[in-house]
Amino acid sequence: MSEEKYIPNSKIAKWFDDRLPLLSLSHHLKEYPTPKNLNYWWTFGGILTFCLITQIVTGIILAMHYVAHTEHAFASIEHIMRDVNYGWLIRYVHSNGASMFFLAVYIHIFRGLYFGSYKSPREMIWITGLVIYLLMMATAFMGYVLPWGQMSFWGATVITNLFSAIPLIGESITGWLWGGFSVDNPTLNRFYSLHYLLPFLIFGLVVLHVWSLHIPGNNNPVGIDVKKGTNETMPFHPYMVMKDLLALLTFLLIFFGFVFFLPDFLGHPDNYIPADPLVTPAHIVPEWYLLPFYAILRAIPSKLGGVIFMFASIFVLVGLPWLDGSKVRSATFRPIYRKFFWVLVVIVILLGYLGAKPPEGIYLILARIATAYYFFHFLILLPLLGRYEKTDPLPMSISDPVLDKPGIIDKFKEMAGKYEGENVGTFK
Amino acid sequence: MERLSNLFTKILLIIFFIGIYNSAYSEENKTKFIKNNWSFEGVFGTFDRSALQRGYQVYQEVCSGCHSVQHLSYRNLSEKGGPEFTLNEAKAIAAQFEITDGPNEDGEMFTRSGRLSDKFVNPFPNVKAAAAANGGAYPPDMSVLAKARKGGADYIYSLLMGYEEAPAGYDLDDGVYYNKYMPGYKIKMAEPISDGVVVYNDGTDATKAQISKDIATFLVWTADPHLESRHRMGFKVFFYLIVFLTLVYFSKQKVWARFNSKHEEEEEVFDKAERVVTEYEGEDPKTFK
Amino acid sequence: MSKDIKPKRRDFLFTATYTIGAVGLGVAIWPLVDQMNPDSSVKALSTTEVDVSNVVPGKTITVLWRGKPIFIRRRTKKEIDEAAQVDLKDLKDPEKDSDRAKNPEWLVMVGVCTHLGCVPLGNKGEYKAWFCPCHGSHYDTSGRIRKGPAPKNLEIPNYEFVNSNTIKIG
């Protein structure tokens with residue numbers, strides 16, 4: 001980076017930093033040159049870090065009181081809600097925190113799609129991000145099983161049963177996952193163990209994610225490379241720290257709105273019914289953030305096909321940097337891509353809506369159309385647009401769009417008049 | 001950017017309103033719940049203590065023969081945010097019940113009278129016994145029933161008030177009743193509430209509607225005993241967040257003032273001038289008008 | 001523009017922001033700490049009532065209170081006299097028997113050795129009362145340490161007779 005090197009301010013600091021460069025790291029993070037034109041869609045990385053830490057802290061605390069046994073799980077959560085000091089608060093922060101985590105990650109992903117943050121040289125940020133997303137989904141899925149309500153049990157049953165669609169080895173894999181002949185106590189215990197583990201893997205991947213970001217530096221709304229060492233960047237602290245904090249507080253208003261006033265709104269009432277292997281709920285639905293994938297899964301008529309398409313919907317995103325060959329990064333200068341971006345947003349929300357509906361009649365038809373469109377967008381549309389879209393002319397620097405305001409030329413003349421006679425090169 | 005925010009906001013609002021619209025109806029039946037005013041509804045909601053005490057009486061005298069509330073403890077009856085019986089009243093209530101305890105020194109189980117620390121007694125020893133005694137249908141535990149049913153208190157109230165004659169030609173087995181609020185319309189519980197089925201200790205007129213309202217209120221409390229402290233804390237948190245957010249907003253503006261100042265604009269103007277000049281004119285910038 | 005005024009106003013805003021932020025953080029951390037304190041179901045069990053109607057003189061029963069054993073012994077006249085006659089100067093932890101057993105017939109003690117926490121055995125030891133096998137502490141008929149490494153007498157919990165047959169401990 002072009003920022004100044006860290007200078008230790010004491011002998012101890014130098015001794016320490018020479019052996020373990022944490023102080024240099026901290027200095028780098030503070031001075032990290034960030035494009036000055038980032039908008040609020042760029043604050044979600046910080047928000048996501050907050051969400052991860054919140055989930056880990058509340059999760060570890062819940063684990064002090066939760067009992068992972070089919071006979072006691074549901075009751076242990078009622079114990080947390082009723083008896084443990086502030087137990088209800090910690091539990092609701094954890095359950096609503098999961099939803100907020102996914103809300104933030106979807107905004108974060110769509111920001112990336114809009115502004116071309118996945119394009120070279122940022123492919124590894126994108127890929128590490130997708131791995132994080134996959135781990136998040138696995139973590140959330142297993143976490144939802146732990147209360148051992150009806151949705152916990154039946155959601156686990158439906159999703160683990162999917163693995164039996166794999167030819168030849170499917171049944172064995174499913175039995176291996178279950179630890180038995182159906183979802184039961186062994187399944188619950190191993191899900192608990194893995195649910196505790198995965199967030200730490202996510203944390204490690206987040207380190208890789210931020211590291212791979214700091215190599216090329218942030219993308220920005222204009223999609224043009226910034227010149228480092230100029231006033232096109234600003235040190236992360238205090239500018240972005242304050243901006244991220246402001247965004248986080250706004251996010252917390254929504255988060256705590258749910259926690260304190262609508263704590264069960266995003267959940268399903270059936271999960272307050274203890275699991276019963278003999279009674280299937282009328283409609284098995286996952287949490288809202290998994291609904292689009294659920295819709296895709298059920299849209300395909302074959303069991304194996306549904307599984308393949310469901311996973312493919314994420315894996316197609318891995319190929320995005322190569323599928324979208326447009327030389328222009330940001331949708332700001334891609335008028336046609338921009339429109340299709342919003343169509344994609346509507347399609348994904350539609351898939352989410354359909355995921356909660358029974359897969360029949362008009363719902364099934366729409367789900368099939370939406371699924372087809374989703375793959376069309378990434379596999380056909382983007383490669384075509386990359387080759388044939390007529391993009392808007394790019395500005396020369398990230399400052400230019402600001403300067404293309406009316407009246408700037410007049411101001412410019414006024415300045416020229418004021419400083420006439422002096423060498424422009426002496427102005428810093 | 002503003003255009004994006006507007007569109008995004010519009011989409012969110014549409015989704016939100018669809019959600020709200022859906023919650024006014026029961027699950028599959030699309031029968032609208034009977035409207036009621038609940039004291040605990042809304043962000044300012046609290047429980048009506050006397051309603052909770054009457055509701056407890058209804059539970060005890062009408063429901064507890066079949067329905068357990070196994071996650072409730074007798075001490076909850078005297079704790080803050082609930083019916084708030086006095087400690088002695090709650091002790092006396094607990095003492096009315098026989099609790100199985102043990103084994104004693106001889107290795108045998110014995111019964112003793114209930115204490116505050118005990119959980120509410122179950123009418124049946126296990127789920128299967130409960131179902132067997134009720135025509136094969138298990139009377140659900142009601143500890144979290146209000147959270148386990150779409151519509152919560154509205155659903156419970158409507159169900160209790162909603163028994164009626166089955167429409168013509170509707171086939172009902174023995175021990176099965178018609179209720180349009182029950183998913184599937186058939187329920188194995190006979191109408192439990194009618195005028196005067198309890199005589200309220202506090203003298204309130206025990207109409208079917210009053211009783212149904214009181215038991216629904218009680219069941220919302222059993223499901224959500226910390227509702228009031230949750231709302232109170234929510235207010236404090238929001239107040240704090242608004243204050244802190246305002247402070248951070250102005251701090252952020254102050255910190256960013258440098259980059260938003262006129263000086264910056266002038267600098268940018270000159271940077272552009274330099275670039276334009278060196279790229280296109282090659283002339284001495286002094287002479288540029 | 002005076003440089004003196006500007007920093008003051010700016011500092012106040014930032015100071016206020018930091019302070020309010022720190023307060024918020026502290027308030028937010030409290031529940032995370034308090035959740036480890038005994039929860040209300042544990043606190044409800046902080047007292048226990050014991051039926052002692054079957055305890056004849058010379059008999060000791062052991063009950064569980066707050067997860068620890070409680071020795072309840074109905075002493076014989078001989079034991080009471082023995083305990084009362086002990087010279088306080090001979091005790092490592094001087095305590096009058098009448099202070100330990102308000103009703104001399106009943107001795108209620110926490111059955112946890114004050115040395116390192118083992119449960120002493122009854123009707124054993126040089127004083128024909130309690131003996132801890134772990135490191136050889138001997139207690140007398142009042143539960144006082146007489147010989148061995150234990151520093152203090154067996155603890156007397158708060159208790160009262162709610163009626164002639166029932167002791168409430170805690």
# chains A, B, ... in the order shown; residues from 1 in each chain; ligands from 1

$ residues_around --residues "His209 in chain A" --least-positions-apart "3" --cutoff "7 Å" --atoms "only C-alpha atoms" --output "MDAnalysis selection string"
chainID A and resid 125 128:129 205:206 212:213

$ closest_atom_pairs --of "chain C" --to "chain A" --cutoff "10 Å" --atoms "only C-alpha atoms" --output "CSV"
residue,atom,partner,partner_atom,distance
C:Trp30,CA,A:Tyr86,CA,9.5
C:Pro31,CA,A:Tyr86,CA,5.8
C:Leu32,CA,A:Ile61,CA,7.4
C:Val33,CA,A:Ile61,CA,9.3
C:Asp34,CA,A:Asn85,CA,6.3
C:Gln35,CA,A:Asn85,CA,4.6
C:Met36,CA,A:Asn85,CA,7.7
C:Asn37,CA,A:Asn85,CA,7.3
C:Pro38,CA,A:Val84,CA,7.7
C:Asp39,CA,A:Val84,CA,4.6
C:Ser40,CA,A:Asp83,CA,5.0
C:Ser41,CA,A:Asp83,CA,5.8
C:Val42,CA,A:Asp83,CA,8.5
C:Lys43,CA,A:Asp83,CA,9.6

$ residues_around --residues "Gln210 in chain B" --least-positions-apart "6" --cutoff "12 Å" --atoms "only C-alpha atoms" --output "PyMOL selection string"
chain B and resi 36+51-52+54-55+58+157+160-161+193-200+204+216-217

$ closest_atom_pairs --of "chain B" --to "chain C" --cutoff "10 Å" --atoms "only C-alpha atoms" --output "tab-separated table"
residue	atom	partner	partner_atom	distance
B:Ser73	CA	C:Ser41	CA	8.7
B:Arg75	CA	C:Ala44	CA	8.0
B:Asn76	CA	C:Ser40	CA	9.7
B:Glu105	CA	C:Ile61	CA	9.2
B:Arg115	CA	C:Ala44	CA	9.6
B:Leu116	CA	C:Ala44	CA	7.4
B:Ser117	CA	C:Ala44	CA	5.3
B:Asp118	CA	C:Ala44	CA	8.9
B:Lys119	CA	C:Ser41	CA	9.9
B:Val237	CA	C:Gly24	CA	9.0
B:Tyr240	CA	C:Gly24	CA	7.7
B:Leu241	CA	C:Gly24	CA	8.8
B:Val243	CA	C:Ile20	CA	8.6
B:Phe244	CA	C:Ile20	CA	6.6
B:Leu245	CA	C:Thr17	CA	9.2
B:Thr246	CA	C:Thr17	CA	9.2
B:Leu247	CA	C:Thr17	CA	5.7
B:Val248	CA	C:Thr17	CA	6.4
B:Tyr249	CA	C:Thr17	CA	9.7
B:Phe250	CA	C:Leu13	CA	7.8
B:Ser251	CA	C:Phe14	CA	6.3
B:Lys252	CA	C:Phe14	CA	9.5
B:Lys254	CA	C:Arg10	CA	7.4
B:Val255	CA	C:Arg10	CA	9.1

$ interface_residues --of "chain B" --to "chain A" --cutoff "7 Å" --atoms "only C-alpha atoms" --output "count of residues only"
21

$ select_by_dssp --residues "range 17-165 of chain C" --states "alpha helix (DSSP H)" --output "number ranges by chain"
C: 17-34, 40-44, 77-85, 97-100

$ residues_around --residues "range 93-97 of chain C" --least-positions-apart "6" --cutoff "8 Å" --atoms "only C-alpha atoms" --output "PyMOL selection string"
chain C and resi 83-84+104+142+144-145+151-153

$ atom_distance --atom1 "CA of Thr46 in chain B" --atom2 "CA of Tyr59 in chain B"
20.2 Å

$ residues_around --residues "range 121-134 of chain B" --least-positions-apart "5" --cutoff "9 Å" --atoms "only C-alpha atoms" --output "number ranges by chain"
B: 64-70, 97-99, 114, 139-140, 188-189

$ residues_around --residues "range 164-168 of chain B" --least-positions-apart "5" --cutoff "12 Å" --atoms "only C-alpha atoms" --output "list in words"
Ser158, Leu159, Asp173, Val176, Tyr177, Tyr178, Asn179, Lys180, Tyr181, Met182, Tyr185, Lys186, Ile187, Ala190 and Glu191 of chain B

$ write_last_selection --atoms "N, CA and C atoms" --output "compact mmCIF listing (two decimals), in the first residue's frame"
# COMPACT_ATOMS: atom_id res chain seq x y z
N SER B 158 -60.89 -16.48 19.17
CA SER B 158 -61.84 -16.82 18.11
C SER B 158 -62.25 -18.28 18.20
N LEU B 159 -61.27 -19.14 18.47
CA LEU B 159 -61.58 -20.57 18.56
C LEU B 159 -62.58 -20.84 19.68
N ASP B 173 -67.78 -37.13 13.00
CA ASP B 173 -67.79 -38.33 13.83
C ASP B 173 -68.17 -37.97 15.25
N VAL B 176 -66.28 -35.27 17.64
CA VAL B 176 -65.64 -34.28 16.78
C VAL B 176 -66.61 -33.13 16.60
N TYR B 177 -66.10 -31.91 16.72
CA TYR B 177 -66.96 -30.73 16.66
C TYR B 177 -66.53 -29.82 15.53
N TYR B 178 -67.42 -28.94 15.13
CA TYR B 178 -67.13 -28.03 14.02
C TYR B 178 -66.69 -26.69 14.59
N ASN B 179 -65.55 -26.21 14.09
CA ASN B 179 -65.09 -24.88 14.50
C ASN B 179 -64.33 -24.28 13.32
N LYS B 180 -64.81 -23.15 12.79
CA LYS B 180 -64.24 -22.65 11.55
C LYS B 180 -62.87 -22.01 11.74
N TYR B 181 -62.42 -21.86 13.01
CA TYR B 181 -61.09 -21.30 13.22
C TYR B 181 -60.04 -22.37 13.34
N MET B 182 -60.47 -23.61 13.53
CA MET B 182 -59.53 -24.71 13.65
C MET B 182 -59.08 -25.11 12.24
N TYR B 185 -61.18 -27.33 10.23
CA TYR B 185 -62.54 -27.09 10.71
C TYR B 185 -63.04 -28.10 11.73
N LYS B 186 -62.29 -29.18 11.98
CA LYS B 186 -62.77 -30.18 12.93
C LYS B 186 -61.88 -30.16 14.17
N ILE B 187 -62.52 -30.19 15.33
CA ILE B 187 -61.76 -30.14 16.58
C ILE B 187 -62.33 -31.16 17.54
N ALA B 190 -64.59 -30.45 22.97
CA ALA B 190 -65.95 -29.91 23.06
C ALA B 190 -65.86 -28.47 23.51
N GLU B 191 -66.86 -27.68 23.19
CA GLU B 191 -66.83 -26.27 23.55
C GLU B 191 -66.58 -26.14 25.06

$ closest_residue --among "C:Leu64, C:Ala150, C:Val112, C:Leu107" --to "Thr76 in chain C" --atoms "only C-alpha atoms"
C:Leu107

$ closest_residue --among "C:Phe71, C:Ile80, C:Ala101, C:Asn123" --to "Glu160 in chain C" --atoms "only C-alpha atoms"
C:Ala101

$ residues_around --residues "range 25-28 of chain A" --least-positions-apart "2" --cutoff "12 Å" --atoms "only C-alpha atoms" --output "list in words"
Met1, Ser2, Glu3, Glu4, Lys5, Tyr6, Ile7, Pro8, Asn9, Asp17, Asp18, Leu20, Pro21, Leu22, Leu23, Lys30, Glu31, Tyr32, Pro33, Thr34, Trp211, His214, Ile215, Pro235, Phe236 and His237 of chain A

$ atom_distance --atom1 "CA of Tyr144 in chain A" --atom2 "CA of Gly352 in chain A"
18.2 Å

$ decode --residues "range 10-44 of chain C" --atoms "N, CA and C atoms" --output "CSV table (one decimal), in the first residue's frame"
chain,number,residue,atom,x,y,z
C,10,ARG,N,-15.7,21.2,18.7
C,10,ARG,CA,-15.5,19.8,18.0
C,10,ARG,C,-15.2,18.8,19.1
C,11,ASP,N,-14.3,19.2,20.1
C,11,ASP,CA,-14.0,18.2,21.2
C,11,ASP,C,-15.2,17.9,22.0
C,12,PHE,N,-16.1,18.8,22.3
C,12,PHE,CA,-17.2,18.5,23.1
C,12,PHE,C,-18.1,17.5,22.4
C,13,LEU,N,-18.3,17.6,21.1
C,13,LEU,CA,-19.1,16.7,20.4
C,13,LEU,C,-18.5,15.3,20.5
C,14,PHE,N,-17.2,15.2,20.2
C,14,PHE,CA,-16.6,13.9,20.2
C,14,PHE,C,-16.5,13.3,21.6
C,15,THR,N,-16.2,14.2,22.6
C,15,THR,CA,-16.2,13.6,24.0
C,15,THR,C,-17.6,13.1,24.3
C,16,ALA,N,-18.6,13.9,24.0
C,16,ALA,CA,-20.0,13.4,24.3
C,16,ALA,C,-20.3,12.1,23.6
C,17,THR,N,-19.9,12.0,22.4
C,17,THR,CA,-20.1,10.8,21.6
C,17,THR,C,-19.4,9.6,22.2
C,18,TYR,N,-18.1,9.8,22.5
C,18,TYR,CA,-17.4,8.7,23.2
C,18,TYR,C,-18.0,8.2,24.5
C,19,THR,N,-18.4,9.2,25.3
C,19,THR,CA,-19.0,8.9,26.6
C,19,THR,C,-20.3,8.1,26.5
C,20,ILE,N,-21.2,8.7,25.6
C,20,ILE,CA,-22.5,8.0,25.5
C,20,ILE,C,-22.2,6.6,24.9
C,21,GLY,N,-21.3,6.5,24.0
C,21,GLY,CA,-21.0,5.2,23.4
C,21,GLY,C,-20.5,4.2,24.4
C,22,ALA,N,-19.6,4.7,25.3
C,22,ALA,CA,-19.0,3.8,26.4
C,22,ALA,C,-20.1,3.4,27.3
C,23,VAL,N,-21.0,4.3,27.7
C,23,VAL,CA,-22.1,3.9,28.6
C,23,VAL,C,-23.0,2.8,27.9
C,24,GLY,N,-23.3,3.0,26.6
C,24,GLY,CA,-24.1,2.1,25.9
C,24,GLY,C,-23.4,0.7,25.9
C,25,LEU,N,-22.1,0.7,25.7
C,25,LEU,CA,-21.4,-0.6,25.6
C,25,LEU,C,-21.4,-1.3,27.0
C,26,GLY,N,-21.2,-0.5,28.0
C,26,GLY,CA,-21.3,-1.1,29.4
C,26,GLY,C,-22.7,-1.7,29.7
C,27,VAL,N,-23.7,-0.9,29.4
C,27,VAL,CA,-25.1,-1.4,29.6
C,27,VAL,C,-25.3,-2.7,28.8
C,28,ALA,N,-24.8,-2.7,27.6
C,28,ALA,CA,-25.0,-3.9,26.7
C,28,ALA,C,-24.3,-5.1,27.2
C,29,ILE,N,-23.1,-4.9,27.9
C,29,ILE,CA,-22.3,-6.0,28.3
C,29,ILE,C,-22.9,-6.6,29.6
C,30,TRP,N,-23.7,-5.8,30.4
C,30,TRP,CA,-24.2,-6.4,31.7
C,30,TRP,C,-25.0,-7.7,31.5
C,31,PRO,N,-26.0,-7.7,30.6
C,31,PRO,CA,-26.7,-9.0,30.5
C,31,PRO,C,-25.8,-10.2,30.1
C,32,LEU,N,-24.8,-9.9,29.3
C,32,LEU,CA,-23.9,-11.0,28.9
C,32,LEU,C,-23.2,-11.6,30.2
C,33,VAL,N,-22.9,-10.7,31.1
C,33,VAL,CA,-22.3,-11.1,32.4
C,33,VAL,C,-23.3,-11.7,33.4
C,34,ASP,N,-24.4,-11.0,33.5
C,34,ASP,CA,-25.4,-11.4,34.5
C,34,ASP,C,-26.0,-12.8,34.2
C,35,GLN,N,-26.0,-13.2,32.9
C,35,GLN,CA,-26.7,-14.5,32.6
C,35,GLN,C,-26.0,-15.6,33.3
C,36,MET,N,-24.7,-15.4,33.7
C,36,MET,CA,-24.0,-16.5,34.4
C,36,MET,C,-24.4,-16.6,35.8
C,37,ASN,N,-25.0,-15.5,36.4
C,37,ASN,CA,-25.4,-15.6,37.8
C,37,ASN,C,-26.5,-16.6,37.9
C,38,PRO,N,-26.8,-17.1,39.2
C,38,PRO,CA,-27.8,-18.1,39.4
C,38,PRO,C,-29.1,-17.6,38.8
C,39,ASP,N,-29.8,-18.5,38.0
C,39,ASP,CA,-31.0,-18.1,37.3
C,39,ASP,C,-32.2,-18.3,38.3
C,40,SER,N,-33.4,-17.9,38.0
C,40,SER,CA,-34.4,-17.9,38.9
C,40,SER,C,-34.9,-19.3,39.4
C,41,SER,N,-34.7,-20.3,38.6
C,41,SER,CA,-35.0,-21.6,39.0
C,41,SER,C,-34.1,-22.1,40.0
C,42,VAL,N,-32.8,-21.7,39.9
C,42,VAL,CA,-31.8,-22.1,40.9
C,42,VAL,C,-32.1,-21.4,42.2
C,43,LYS,N,-32.4,-20.1,42.1
C,43,LYS,CA,-32.6,-19.3,43.3
C,43,LYS,C,-33.8,-19.8,44.0
C,44,ALA,N,-34.8,-20.3,43.3
C,44,ALA,CA,-36.0,-20.8,44.0
C,44,ALA,C,-35.7,-22.0,44.8
